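Reproduced below: protein.cif, with mmCIF, C-alpha atoms.
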data_entry
loop_
_atom_site.label_atom_id
_atom_site.label_comp_id
_atom_site.auth_asym_id
_atom_site.auth_seq_id
_atom_site.Cartn_x
_atom_site.Cartn_y
_atom_site.Cartn_z
CA MET A 1 -27.09 -110.60 62.87
CA ILE A 2 -30.90 -110.31 62.60
CA THR A 3 -31.03 -113.70 60.89
CA LEU A 4 -28.96 -115.27 63.66
CA LEU A 5 -31.06 -113.69 66.41
CA SER A 6 -34.29 -114.74 64.70
CA HIS A 7 -33.08 -118.34 64.78
CA ILE A 8 -32.64 -118.01 68.52
CA PHE A 9 -35.67 -115.95 69.59
CA ILE A 10 -38.42 -116.45 66.98
CA LYS A 11 -40.29 -119.74 66.61
CA ASN A 12 -41.69 -120.58 63.17
CA ARG A 13 -39.68 -117.60 61.88
CA ASN A 14 -40.42 -118.43 58.23
CA ASP A 15 -44.19 -118.14 58.66
CA LEU A 16 -44.25 -114.39 57.96
CA GLY A 17 -48.01 -114.38 57.52
CA ASP A 18 -48.44 -115.34 61.18
CA GLU A 19 -49.31 -112.33 63.32
CA ASN A 20 -47.11 -113.39 66.26
CA VAL A 21 -44.08 -114.10 64.05
CA ARG A 22 -44.52 -110.74 62.38
CA ARG A 23 -44.73 -108.95 65.72
CA HIS A 24 -41.62 -110.71 67.06
CA TYR A 25 -39.63 -109.61 63.99
CA GLY A 26 -40.71 -106.03 64.65
CA ILE A 27 -39.71 -106.22 68.32
CA LEU A 28 -36.37 -107.85 67.45
CA THR A 29 -35.41 -105.27 64.81
CA GLY A 30 -36.56 -102.45 67.09
CA THR A 31 -34.43 -103.71 69.97
CA VAL A 32 -31.34 -104.06 67.77
CA GLY A 33 -31.99 -100.55 66.44
CA ILE A 34 -32.07 -99.08 69.94
CA ILE A 35 -28.75 -100.71 70.90
CA LEU A 36 -26.94 -99.69 67.71
CA ASN A 37 -28.23 -96.11 67.77
CA LEU A 38 -27.25 -95.59 71.40
CA PHE A 39 -23.77 -96.87 70.58
CA LEU A 40 -23.50 -94.47 67.63
CA PHE A 41 -24.73 -91.54 69.72
CA ALA A 42 -22.11 -92.18 72.40
CA THR A 43 -19.22 -92.47 69.94
CA LYS A 44 -20.17 -89.50 67.73
CA PHE A 45 -21.09 -87.23 70.63
CA SER A 46 -17.65 -87.91 72.14
CA ALA A 47 -16.01 -87.15 68.80
CA GLY A 48 -18.03 -83.94 68.46
CA LEU A 49 -16.96 -82.74 71.90
CA ILE A 50 -13.30 -83.49 71.11
CA THR A 51 -13.26 -81.77 67.70
CA GLY A 52 -15.92 -79.08 68.11
CA ALA A 53 -17.48 -80.09 64.75
CA ILE A 54 -21.14 -79.06 64.79
CA SER A 55 -22.00 -81.49 62.00
CA VAL A 56 -20.60 -84.42 64.01
CA THR A 57 -22.45 -83.39 67.18
CA ALA A 58 -25.67 -82.84 65.24
CA ASP A 59 -25.28 -86.25 63.63
CA ALA A 60 -24.86 -87.75 67.11
CA PHE A 61 -28.17 -86.28 68.31
CA ASN A 62 -29.73 -87.55 65.11
CA ASN A 63 -28.73 -91.06 66.23
CA LEU A 64 -30.19 -90.39 69.68
CA SER A 65 -33.49 -89.48 68.05
CA ASP A 66 -33.21 -92.66 66.00
CA ALA A 67 -32.98 -94.64 69.24
CA GLY A 68 -36.21 -92.94 70.30
CA SER A 69 -37.73 -93.83 66.93
CA SER A 70 -36.74 -97.47 67.43
CA ILE A 71 -38.42 -97.44 70.85
CA ILE A 72 -41.60 -96.08 69.26
CA THR A 73 -41.45 -98.72 66.52
CA LEU A 74 -40.92 -101.45 69.12
CA LEU A 75 -43.86 -100.22 71.19
CA GLY A 76 -45.94 -99.98 68.04
CA PHE A 77 -45.39 -103.65 67.23
CA LYS A 78 -46.00 -104.62 70.86
CA LEU A 79 -49.27 -102.71 71.17
CA SER A 80 -50.58 -103.54 67.68
CA GLY A 81 -50.45 -107.23 68.62
CA GLN A 82 -53.11 -106.84 71.30
CA LYS A 83 -56.22 -108.92 70.74
CA PRO A 84 -59.50 -107.26 69.67
CA ASP A 85 -61.71 -106.01 72.49
CA ASN A 86 -65.14 -104.41 72.92
CA GLU A 87 -63.80 -100.94 72.12
CA HIS A 88 -61.68 -102.10 69.16
CA PRO A 89 -63.37 -105.14 67.58
CA PHE A 90 -61.06 -105.01 64.54
CA GLY A 91 -57.91 -105.14 66.67
CA HIS A 92 -55.14 -102.60 67.27
CA GLY A 93 -53.13 -103.04 64.06
CA ARG A 94 -53.27 -99.35 63.11
CA ILE A 95 -51.08 -98.52 66.11
CA GLU A 96 -48.19 -99.63 63.89
CA TYR A 97 -49.11 -96.93 61.38
CA ILE A 98 -49.28 -94.39 64.21
CA SER A 99 -45.79 -95.42 65.40
CA GLY A 100 -44.52 -94.88 61.85
CA LEU A 101 -46.15 -91.45 61.92
CA PHE A 102 -44.28 -90.54 65.11
CA VAL A 103 -40.99 -91.72 63.60
CA SER A 104 -41.60 -89.45 60.61
CA VAL A 105 -42.32 -86.46 62.86
CA ILE A 106 -39.10 -87.11 64.80
CA ILE A 107 -37.16 -87.16 61.52
CA LEU A 108 -38.61 -83.74 60.61
CA ILE A 109 -37.77 -82.31 64.04
CA VAL A 110 -34.16 -83.53 63.76
CA ALA A 111 -33.95 -82.00 60.27
CA PHE A 112 -35.11 -78.65 61.62
CA GLU A 113 -32.54 -78.75 64.43
CA LEU A 114 -29.76 -79.62 61.97
CA VAL A 115 -30.61 -76.65 59.75
CA LYS A 116 -30.87 -74.32 62.75
CA SER A 117 -27.49 -75.49 64.12
CA GLY A 118 -25.86 -75.03 60.70
CA ILE A 119 -27.17 -71.47 60.40
CA ASN A 120 -25.97 -70.68 63.92
CA LYS A 121 -22.54 -72.09 63.03
CA ILE A 122 -22.33 -69.81 59.97
CA ILE A 123 -23.18 -66.76 62.09
CA HIS A 124 -20.89 -67.79 64.94
CA PRO A 125 -18.06 -69.89 63.41
CA GLU A 126 -15.85 -72.04 65.63
CA GLU A 127 -12.59 -73.85 64.99
CA VAL A 128 -12.75 -77.59 64.30
CA ILE A 129 -10.10 -79.87 65.75
CA VAL A 130 -8.90 -82.64 63.42
CA SER A 131 -8.88 -86.06 65.08
CA THR A 132 -8.10 -89.50 63.64
CA LEU A 133 -10.58 -90.97 66.10
CA THR A 134 -13.36 -88.97 64.49
CA PHE A 135 -12.58 -90.47 61.08
CA VAL A 136 -12.84 -93.93 62.61
CA PHE A 137 -16.13 -93.22 64.41
CA LEU A 138 -17.73 -91.72 61.29
CA GLY A 139 -16.59 -94.64 59.14
CA ILE A 140 -18.02 -97.16 61.61
CA SER A 141 -21.25 -95.16 61.76
CA ILE A 142 -21.69 -95.29 57.97
CA ILE A 143 -21.24 -99.07 57.94
CA ILE A 144 -23.65 -99.64 60.84
CA LYS A 145 -26.30 -97.29 59.45
CA PHE A 146 -26.19 -98.91 56.04
CA TYR A 147 -26.58 -102.30 57.71
CA MET A 148 -29.61 -100.96 59.62
CA PHE A 149 -31.10 -99.64 56.39
CA ALA A 150 -30.59 -103.03 54.72
CA TYR A 151 -32.22 -105.18 57.38
CA ASN A 152 -35.09 -102.75 58.00
CA MET A 153 -35.87 -102.53 54.28
CA ILE A 154 -35.65 -106.30 53.79
CA TYR A 155 -37.96 -107.11 56.70
CA SER A 156 -40.32 -104.20 55.99
CA LYS A 157 -41.02 -105.86 52.63
CA LYS A 158 -41.23 -109.35 54.12
CA ILE A 159 -43.79 -108.40 56.77
CA SER A 160 -45.33 -105.37 54.97
CA SER A 161 -44.50 -102.85 57.70
CA THR A 162 -44.75 -99.11 57.03
CA ALA A 163 -43.12 -98.40 60.41
CA MET A 164 -40.04 -100.47 59.52
CA LYS A 165 -39.94 -98.86 56.08
CA ALA A 166 -39.90 -95.42 57.76
CA THR A 167 -37.00 -96.62 59.93
CA ALA A 168 -35.18 -97.90 56.83
CA VAL A 169 -35.59 -94.53 55.08
CA ASP A 170 -34.32 -92.81 58.22
CA SER A 171 -31.28 -95.11 58.29
CA ILE A 172 -30.29 -94.51 54.66
CA SER A 173 -30.77 -90.78 55.24
CA ASP A 174 -28.38 -91.04 58.18
CA THR A 175 -25.91 -93.00 56.04
CA ILE A 176 -25.86 -90.20 53.46
CA ALA A 177 -25.78 -87.51 56.15
CA THR A 178 -22.81 -89.08 57.94
CA SER A 179 -21.03 -89.59 54.61
CA VAL A 180 -21.42 -85.86 53.89
CA VAL A 181 -20.07 -85.04 57.36
CA LEU A 182 -17.07 -87.32 56.76
CA ILE A 183 -16.34 -85.72 53.38
CA CYS A 184 -16.48 -82.24 54.94
CA TYR A 185 -14.16 -83.36 57.70
CA VAL A 186 -11.68 -84.74 55.14
CA LEU A 187 -11.79 -81.52 53.10
CA TYR A 188 -11.12 -79.49 56.23
CA ALA A 189 -8.28 -81.78 57.36
CA ILE A 190 -6.50 -81.83 53.97
CA PHE A 191 -7.38 -78.52 52.28
CA ASP A 192 -8.57 -76.38 55.21
CA ILE A 193 -11.94 -75.93 53.45
CA LYS A 194 -14.57 -75.00 56.06
CA ILE A 195 -17.99 -76.14 54.82
CA ASP A 196 -19.02 -77.93 58.00
CA ALA A 197 -21.95 -75.59 58.73
CA TYR A 198 -23.20 -75.56 55.14
CA ALA A 199 -23.00 -79.36 55.05
CA GLY A 200 -25.09 -79.48 58.24
CA ILE A 201 -27.78 -77.37 56.55
CA ALA A 202 -27.68 -79.51 53.40
CA VAL A 203 -27.96 -82.71 55.45
CA GLY A 204 -30.86 -81.20 57.41
CA LEU A 205 -32.75 -80.36 54.23
CA PHE A 206 -32.15 -83.84 52.83
CA ILE A 207 -33.42 -85.46 56.04
CA ALA A 208 -36.46 -83.15 55.96
CA TYR A 209 -37.30 -84.39 52.46
CA ALA A 210 -36.99 -88.03 53.58
CA GLY A 211 -39.09 -87.29 56.67
CA PHE A 212 -41.86 -85.66 54.63
CA LYS A 213 -41.92 -88.61 52.24
CA THR A 214 -42.21 -91.18 55.05
CA LEU A 215 -44.80 -88.99 56.78
CA LYS A 216 -46.96 -89.13 53.66
CA GLU A 217 -46.57 -92.92 53.39
CA THR A 218 -47.60 -93.48 57.02
CA VAL A 219 -50.54 -91.06 56.96
CA SER A 220 -52.10 -92.58 53.82
CA PRO A 221 -53.16 -95.90 55.44
CA LEU A 222 -54.70 -93.98 58.35
CA LEU A 223 -56.74 -91.83 55.94
CA GLY A 224 -57.86 -94.88 53.93
CA GLN A 225 -55.68 -95.25 50.87
CA THR A 226 -56.44 -97.27 47.74
CA PRO A 227 -55.53 -100.93 48.38
CA ASP A 228 -52.47 -102.55 46.84
CA PRO A 229 -53.32 -103.34 43.16
CA GLU A 230 -51.57 -106.72 43.43
CA PHE A 231 -53.75 -107.64 46.41
CA VAL A 232 -56.91 -106.60 44.54
CA ASN A 233 -55.83 -108.52 41.42
CA GLU A 234 -55.22 -111.69 43.45
CA ILE A 235 -58.72 -111.49 44.90
CA GLU A 236 -60.20 -110.94 41.45
CA GLU A 237 -58.30 -113.90 40.01
CA ILE A 238 -59.53 -116.22 42.76
CA VAL A 239 -63.16 -115.10 42.42
CA ARG A 240 -63.25 -115.09 38.61
CA SER A 241 -61.58 -118.51 38.40
CA LYS A 242 -64.76 -120.18 39.71
CA GLU A 243 -67.36 -121.31 37.19
CA CYS A 244 -70.22 -120.16 39.39
CA VAL A 245 -69.13 -116.50 39.14
CA ILE A 246 -69.98 -114.34 36.12
CA GLY A 247 -68.64 -110.99 37.33
CA ILE A 248 -67.36 -109.06 40.31
CA HIS A 249 -68.02 -105.52 41.54
CA ASP A 250 -68.36 -103.27 44.62
CA MET A 251 -65.13 -104.50 46.19
CA ILE A 252 -64.13 -102.62 49.34
CA VAL A 253 -60.90 -103.25 51.26
CA HIS A 254 -60.76 -102.08 54.88
CA ASP A 255 -57.24 -101.84 56.29
CA TYR A 256 -57.09 -102.00 60.09
CA GLY A 257 -53.36 -102.65 60.08
CA PRO A 258 -51.08 -105.37 58.67
CA THR A 259 -52.73 -108.82 59.02
CA ARG A 260 -56.00 -106.97 59.83
CA ILE A 261 -57.53 -106.69 56.35
CA PHE A 262 -61.28 -107.03 55.80
CA VAL A 263 -62.72 -107.35 52.28
CA SER A 264 -66.30 -107.19 51.00
CA LEU A 265 -67.45 -107.63 47.41
CA HIS A 266 -70.37 -108.60 45.20
CA ALA A 267 -70.16 -111.65 42.94
CA GLU A 268 -72.59 -112.04 40.05
CA VAL A 269 -73.99 -115.57 39.72
CA PRO A 270 -76.49 -117.18 37.27
CA CYS A 271 -80.02 -116.78 38.60
CA ASP A 272 -81.18 -120.16 37.19
CA GLN A 273 -78.76 -122.34 39.21
CA ASP A 274 -79.39 -124.09 42.52
CA ILE A 275 -79.06 -121.50 45.31
CA LEU A 276 -77.54 -124.04 47.70
CA LEU A 277 -74.81 -124.98 45.22
CA LEU A 278 -74.11 -121.30 44.54
CA HIS A 279 -73.86 -120.63 48.27
CA GLU A 280 -71.44 -123.51 48.67
CA CYS A 281 -69.31 -122.14 45.83
CA ILE A 282 -69.21 -118.68 47.42
CA ASP A 283 -68.21 -120.23 50.76
CA GLU A 284 -65.31 -122.00 49.04
CA ILE A 285 -64.16 -118.72 47.49
CA GLU A 286 -64.27 -116.95 50.87
CA ASN A 287 -62.23 -119.70 52.52
CA GLU A 288 -59.65 -119.74 49.73
CA ILE A 289 -59.16 -115.98 49.89
CA LYS A 290 -58.94 -116.09 53.69
CA HIS A 291 -56.23 -118.74 53.75
CA ARG A 292 -54.21 -117.56 50.74
CA LEU A 293 -54.26 -113.82 51.42
CA LYS A 294 -54.61 -113.82 55.23
CA CYS A 295 -57.68 -111.59 55.34
CA GLU A 296 -61.35 -111.74 56.27
CA VAL A 297 -63.77 -111.61 53.34
CA SER A 298 -67.53 -111.35 52.90
CA ILE A 299 -69.12 -111.98 49.49
CA HIS A 300 -72.65 -110.95 48.52
CA MET A 301 -74.31 -112.90 45.70
CA ASP A 302 -76.02 -110.94 42.91
CA PRO A 303 -78.26 -113.14 40.69
CA VAL A 304 -77.95 -112.37 36.97
CA ASP A 305 -80.18 -113.54 34.10
CA THR A 306 -77.88 -115.06 31.47
CA ASN A 307 -80.57 -116.46 29.16
CA ASP A 308 -82.49 -113.31 28.13
CA GLU A 309 -81.11 -112.32 24.72
CA ASN A 310 -82.90 -108.94 24.69
CA LEU A 311 -81.47 -108.15 28.13
CA TYR A 312 -77.98 -109.03 26.91
CA GLU A 313 -78.23 -106.88 23.77
CA THR A 314 -79.58 -103.92 25.75
CA LYS A 315 -76.78 -104.24 28.28
CA VAL A 316 -74.22 -104.20 25.46
CA MET A 317 -75.84 -101.04 24.06
CA VAL A 318 -75.66 -99.26 27.43
CA ASN A 319 -72.06 -100.40 27.89
CA GLU A 320 -71.15 -98.85 24.53
CA ILE A 321 -72.77 -95.57 25.61
CA LEU A 322 -70.72 -95.57 28.81
CA LYS A 323 -67.49 -96.16 26.87
CA GLU A 324 -68.33 -93.19 24.62
CA ILE A 325 -68.49 -90.99 27.72
CA ASP A 326 -65.40 -92.46 29.45
CA GLU A 327 -63.53 -95.72 28.80
CA ARG A 328 -63.21 -96.32 32.54
CA LEU A 329 -66.95 -96.46 33.25
CA THR A 330 -68.46 -99.86 34.03
CA LEU A 331 -71.90 -101.10 34.99
CA HIS A 332 -73.34 -103.97 37.01
CA ASP A 333 -76.63 -105.35 38.36
CA PHE A 334 -78.32 -104.70 35.02
CA ARG A 335 -82.05 -105.50 35.02
CA MET A 336 -85.10 -104.72 32.86
CA VAL A 337 -88.61 -104.18 34.18
CA HIS A 338 -91.24 -104.05 31.42
CA GLY A 339 -94.34 -101.87 31.68
CA GLU A 340 -97.25 -101.07 29.38
CA ASN A 341 -95.71 -97.94 27.82
CA HIS A 342 -91.97 -98.28 28.53
CA SER A 343 -89.29 -100.48 30.09
CA ASN A 344 -87.11 -99.44 33.02
CA LEU A 345 -83.42 -100.21 32.73
CA ILE A 346 -82.14 -100.53 36.28
CA PHE A 347 -78.38 -100.64 36.80
CA ASP A 348 -75.40 -99.29 38.72
CA ILE A 349 -72.53 -97.31 37.20
CA VAL A 350 -69.08 -97.39 38.79
CA ILE A 351 -67.18 -94.12 38.40
CA PRO A 352 -63.39 -93.82 38.77
CA HIS A 353 -61.60 -91.25 40.90
CA LYS A 354 -61.33 -87.71 39.51
CA PHE A 355 -64.20 -88.32 37.09
CA LYS A 356 -65.03 -85.23 35.01
CA MET A 357 -68.82 -85.21 35.70
CA ASN A 358 -70.79 -85.15 38.92
CA GLU A 359 -73.34 -87.90 39.54
CA GLU A 360 -76.36 -85.93 38.35
CA GLU A 361 -74.65 -84.90 35.11
CA LEU A 362 -73.62 -88.49 34.40
CA ILE A 363 -77.12 -89.88 35.06
CA ASN A 364 -78.70 -87.26 32.80
CA GLU A 365 -76.15 -87.85 30.02
CA VAL A 366 -76.57 -91.63 30.05
CA SER A 367 -80.37 -91.42 30.28
CA LYS A 368 -80.51 -89.04 27.31
CA LYS A 369 -78.25 -91.19 25.14
CA VAL A 370 -80.22 -94.35 25.97
CA HIS A 371 -83.54 -92.61 25.25
CA ASP A 372 -82.18 -91.31 21.92
CA LYS A 373 -81.34 -94.86 20.87
CA HIS A 374 -84.58 -96.40 22.16
CA LYS A 375 -87.57 -94.19 23.02
CA GLY A 376 -89.18 -96.92 25.12
CA TYR A 377 -86.30 -97.22 27.59
CA HIS A 378 -86.14 -95.20 30.79
CA CYS A 379 -83.05 -95.45 33.03
CA VAL A 380 -83.02 -95.93 36.78
CA ILE A 381 -79.35 -95.44 37.67
CA ASN A 382 -77.38 -95.73 40.90
CA VAL A 383 -73.82 -94.39 40.95
CA ASP A 384 -71.08 -96.24 42.86
CA ASN A 385 -67.53 -95.15 43.62
CA ASP A 386 -64.54 -97.31 42.71
CA TYR A 387 -63.06 -98.09 46.15
CA ALA A 388 -60.67 -100.82 45.08
CA GLY A 389 -59.46 -99.61 41.67
CA ILE A 390 -61.10 -102.29 39.50
CA THR A 391 -62.90 -100.08 36.95
CA LYS A 392 -60.44 -101.31 34.32
CA HIS A 393 -62.67 -104.33 33.95
#

Now that the file is in, can you turn its structure into C-alpha cells?
Amino acid sequence: MITLLSHIFIKNRNDLGDENVRRHYGILTGTVGIILNLFLFATKFSAGLITGAISVTADAFNNLSDAGSSIITLLGFKLSGQKPDNEHPFGHGRIEYISGLFVSVIILIVAFELVKSGINKIIHPEEVIVSTLTFVFLGISIIIKFYMFAYNMIYSKKISSTAMKATAVDSISDTIATSVVLICYVLYAIFDIKIDAYAGIAVGLFIAYAGFKTLKETVSPLLGQTPDPEFVNEIEEIVRSKECVIGIHDMIVHDYGPTRIFVSLHAEVPCDQDILLLHECIDEIENEIKHRLKCEVSIHMDPVDTNDENLYETKVMVNEILKEIDERLTLHDFRMVHGENHSNLIFDIVIPHKFKMNEEELINEVSKKVHDKHKGYHCVINVDNDYAGITKH
C-alpha cells in the first residue's frame, strides 16, 4: 500500500537522498499509521467491552497510543523539514530525533499501564466472555501490525530514520503482544485456563524492554554518538584515494539530523608541491564527498615533509613507542625543530575512547621512552580525542 501511495503522492520517490522526498515518505507513513491504529483501537476496544478481557482492552489503548505516536512522528518529519534560520543555522533536523524520543516515552507509559492493569486484574478478577468476533479482530490486528512493522522498518533503513525505526519496534512489539493476548484467549475458550491478567503483565514488561531500547537509540544522536563506521570509512576511502593526500586525521562528524551532516577533517599533503594545485585537489575531494554522501565537508590542509629521511626514521621510532604503550595510539603532524643542544619533536597523539592513561601520564610516558632512546630529543606533545573512530589507522 505504501508503495502504491508513494507512486501517487511523492514525486521523484526513488531519490531517497533528497530531503523533500525523505520528508514526504515520513509524512506518508505517519498518516497511514494514524489511520490503521485508530481502526485497530476501535475494533479491539469494542471487543474488550463485549468480552470483559482486560488484555484486549489494554491492547486497544496501546493502539490508541500508537496513533498518538504516529502523529508525533508525522509532526517530527514536518517540522524537521523547515529551512535553516537565524536561530537554527544548521536546520531543524534533530526534531526528528526528538519525535522518536517522545514515541519511546509513550511506549514506556503504555507498558506501565499494561502492568498496572494486569496486577489489578489479578487482585480483582473478572469473568471473560468468549466471542468469535474477538478472535477475528485480534487476528486482523496481528496482520495489520506486522504489516506496519514491515513498512516502517524497510523505510527507516531506506531514509535512515530513527523515528520510523522506533515506530517499527513499537509495531513488532504490538504484534507479539496481540499474539500473546490471542493465545490466552484461545486457552481460556478451550481449556478454561485464566492467564489473561498474567499475560497482560508479561506483555507490558516486553513492551517496556522495547521502549527502553528505542529510547536509548533515539537519545544517542541527541547526545552526540560516534558516527556510523561505514560513513566514516567511505569518507576515508574518498580522501585517501587522491594522490595529493598522504594521511588523514582529526575527523569530526556533526549530526544535526538526517541529511544535516557536517564533517571536518585534516588532510596531510606534501609540503613541496604547488599550493594552488593542492588546494584544487582538496576542493575536488570536498565536492565529491558532498555529492556522494549528501553532507557538508570542510578539509584543512596539513603540509608534511616527505623528503627528510631523518624525520621519517624518527617518526617511525616514535610510532613504535606508541604501539608498545597501546596498539590503538596514532600520531600526526610530526615535525622536528633543531636547536643547539637538542631537537624538539612536535606532534599530536590521538587517543581512543576508554584509554587507560590520562593525558599527562601518556605525555610523560612517551617523553621518557623517546628520551631513553635518544638523549637529544625532547617531546612537545598535544593529545587529541578520537571523535570519528579512525584510530585503527

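The smallest atom-to-atom distance between Gly204 in chain A and any of A:Ile176, A:Val304, A:Ile154, A:Ile363, using only C-alpha atoms, is found for A:Ile176.
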
From A:His279, A:Lys294, A:Lys368, A:His300, residue lying nearest Ser264 in chain A [only C-alpha atoms]
A:His300

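Counting all atoms listed in the file and comparing A:Phe206, A:Phe191, A:Phe61, A:Tyr185, the residue that lies closest to Ile172 in chain A is A:Phe206.
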
Residues matched by the PyMOL selection byres ((chain A and resi 10) around 12), written as number ranges by chain
A: 2-9, 11-16, 18, 20-29

Keeping only C-alpha atoms, write the selected residues to a file as a short mmCIF file (atom, residue, chain, number, x, y, z; two decimals), in the frame of the given file.
data_model
loop_
_atom_site.label_atom_id
_atom_site.label_comp_id
_atom_site.auth_asym_id
_atom_site.auth_seq_id
_atom_site.Cartn_x
_atom_site.Cartn_y
_atom_site.Cartn_z
CA ILE A 2 -30.90 -110.31 62.60
CA THR A 3 -31.03 -113.70 60.89
CA LEU A 4 -28.96 -115.27 63.66
CA LEU A 5 -31.06 -113.69 66.41
CA SER A 6 -34.29 -114.74 64.70
CA HIS A 7 -33.08 -118.34 64.78
CA ILE A 8 -32.64 -118.01 68.52
CA PHE A 9 -35.67 -115.95 69.59
CA LYS A 11 -40.29 -119.74 66.61
CA ASN A 12 -41.69 -120.58 63.17
CA ARG A 13 -39.68 -117.60 61.88
CA ASN A 14 -40.42 -118.43 58.23
CA ASP A 15 -44.19 -118.14 58.66
CA LEU A 16 -44.25 -114.39 57.96
CA ASP A 18 -48.44 -115.34 61.18
CA ASN A 20 -47.11 -113.39 66.26
CA VAL A 21 -44.08 -114.10 64.05
CA ARG A 22 -44.52 -110.74 62.38
CA ARG A 23 -44.73 -108.95 65.72
CA HIS A 24 -41.62 -110.71 67.06
CA TYR A 25 -39.63 -109.61 63.99
CA GLY A 26 -40.71 -106.03 64.65
CA ILE A 27 -39.71 -106.22 68.32
CA LEU A 28 -36.37 -107.85 67.45
CA THR A 29 -35.41 -105.27 64.81
#

Given the PyMOL selection byres ((chain A and resi 72) around 9) and the file above, list the residues it selects as a ChimeraX atom specification.
/A:30,67-71,73-77,99-100,102-103

If we count all atoms listed in the file and set the cut-off at 9 Å, which residues sit around Ala111 in chain A, ignoring sequence neighbours fewer than 3 positions away in its own chain? Please answer as an mmCIF file with C-alpha atoms, keeping the file's coordinate frame.
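And here's out02.cif as it stands now:
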data_model
loop_
_atom_site.group_PDB
_atom_site.id
_atom_site.type_symbol
_atom_site.label_atom_id
_atom_site.label_comp_id
_atom_site.auth_asym_id
_atom_site.auth_seq_id
_atom_site.Cartn_x
_atom_site.Cartn_y
_atom_site.Cartn_z
ATOM 1 C CA ASN A 62 -29.730 -87.550 65.110
ATOM 2 C CA ILE A 106 -39.100 -87.110 64.800
ATOM 3 C CA ILE A 107 -37.160 -87.160 61.520
ATOM 4 C CA LEU A 108 -38.610 -83.740 60.610
ATOM 5 C CA LEU A 114 -29.760 -79.620 61.970
ATOM 6 C CA VAL A 115 -30.610 -76.650 59.750
ATOM 7 C CA LYS A 116 -30.870 -74.320 62.750
ATOM 8 C CA ILE A 201 -27.780 -77.370 56.550
ATOM 9 C CA VAL A 203 -27.960 -82.710 55.450
ATOM 10 C CA GLY A 204 -30.860 -81.200 57.410
ATOM 11 C CA LEU A 205 -32.750 -80.360 54.230
ATOM 12 C CA PHE A 206 -32.150 -83.840 52.830
ATOM 13 C CA ILE A 207 -33.420 -85.460 56.040
ATOM 14 C CA ALA A 208 -36.460 -83.150 55.960
ATOM 15 C CA TYR A 209 -37.300 -84.390 52.460
ATOM 16 C CA GLY A 211 -39.090 -87.290 56.670
#

Which neighbours of range 156-162 of chain A fall inside 8 Å, counting all atoms listed in the file, when residues of the same chain fewer than 2 positions from it are skipped, and could you give them as a ChimeraX atom specification?
/A:16-17,22,96-97,100,152-154,164-166,217-218,258

Output file: range 307-353 of chain A, C-alpha atoms, as a compact mmCIF listing (two decimals), in the first residue's frame:
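The resulting file, part.txt, is shown below:
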# COMPACT_ATOMS: atom_id res chain seq x y z
CA ASN A 307 61.87 14.12 1.79
CA ASP A 308 63.65 14.33 5.17
CA GLU A 309 65.00 10.83 5.86
CA ASN A 310 65.95 11.64 9.48
CA LEU A 311 62.44 12.97 10.11
CA TYR A 312 60.93 9.79 8.67
CA GLU A 313 63.13 7.48 10.77
CA THR A 314 62.40 9.45 13.94
CA LYS A 315 58.67 9.33 13.24
CA VAL A 316 58.88 5.55 12.82
CA MET A 317 60.70 5.29 16.17
CA VAL A 318 58.02 7.32 17.97
CA ASN A 319 55.27 5.29 16.30
CA GLU A 320 56.87 2.08 17.61
CA ILE A 321 56.93 3.57 21.13
CA LEU A 322 53.23 4.40 20.88
CA LYS A 323 52.40 0.86 19.75
CA GLU A 324 54.29 -0.52 22.77
CA ILE A 325 52.00 1.51 25.03
CA ASP A 326 48.76 0.77 23.14
CA GLU A 327 48.21 -0.59 19.61
CA ARG A 328 45.40 1.91 19.05
CA LEU A 329 47.54 5.03 19.51
CA THR A 330 48.37 7.06 16.41
CA LEU A 331 50.21 10.28 15.74
CA HIS A 332 50.06 13.07 13.16
CA ASP A 333 51.55 16.49 12.34
CA PHE A 334 55.04 15.22 13.18
CA ARG A 335 57.72 17.92 12.96
CA MET A 336 61.32 18.41 14.16
CA VAL A 337 62.79 21.73 15.27
CA HIS A 338 66.57 21.59 15.75
CA GLY A 339 68.36 23.66 18.39
CA GLU A 340 71.95 23.96 19.59
CA ASN A 341 71.67 21.39 22.40
CA HIS A 342 68.59 19.33 21.50
CA SER A 343 65.82 18.84 18.94
CA ASN A 344 62.12 19.27 19.69
CA LEU A 345 59.81 16.59 18.36
CA ILE A 346 56.43 18.25 17.92
CA PHE A 347 53.44 16.01 17.24
CA ASP A 348 49.86 15.13 18.15
CA ILE A 349 48.74 11.81 19.62
CA VAL A 350 45.20 10.54 19.05
CA ILE A 351 43.83 8.54 21.97
CA PRO A 352 40.88 6.12 21.68
CA HIS A 353 37.88 6.06 23.99
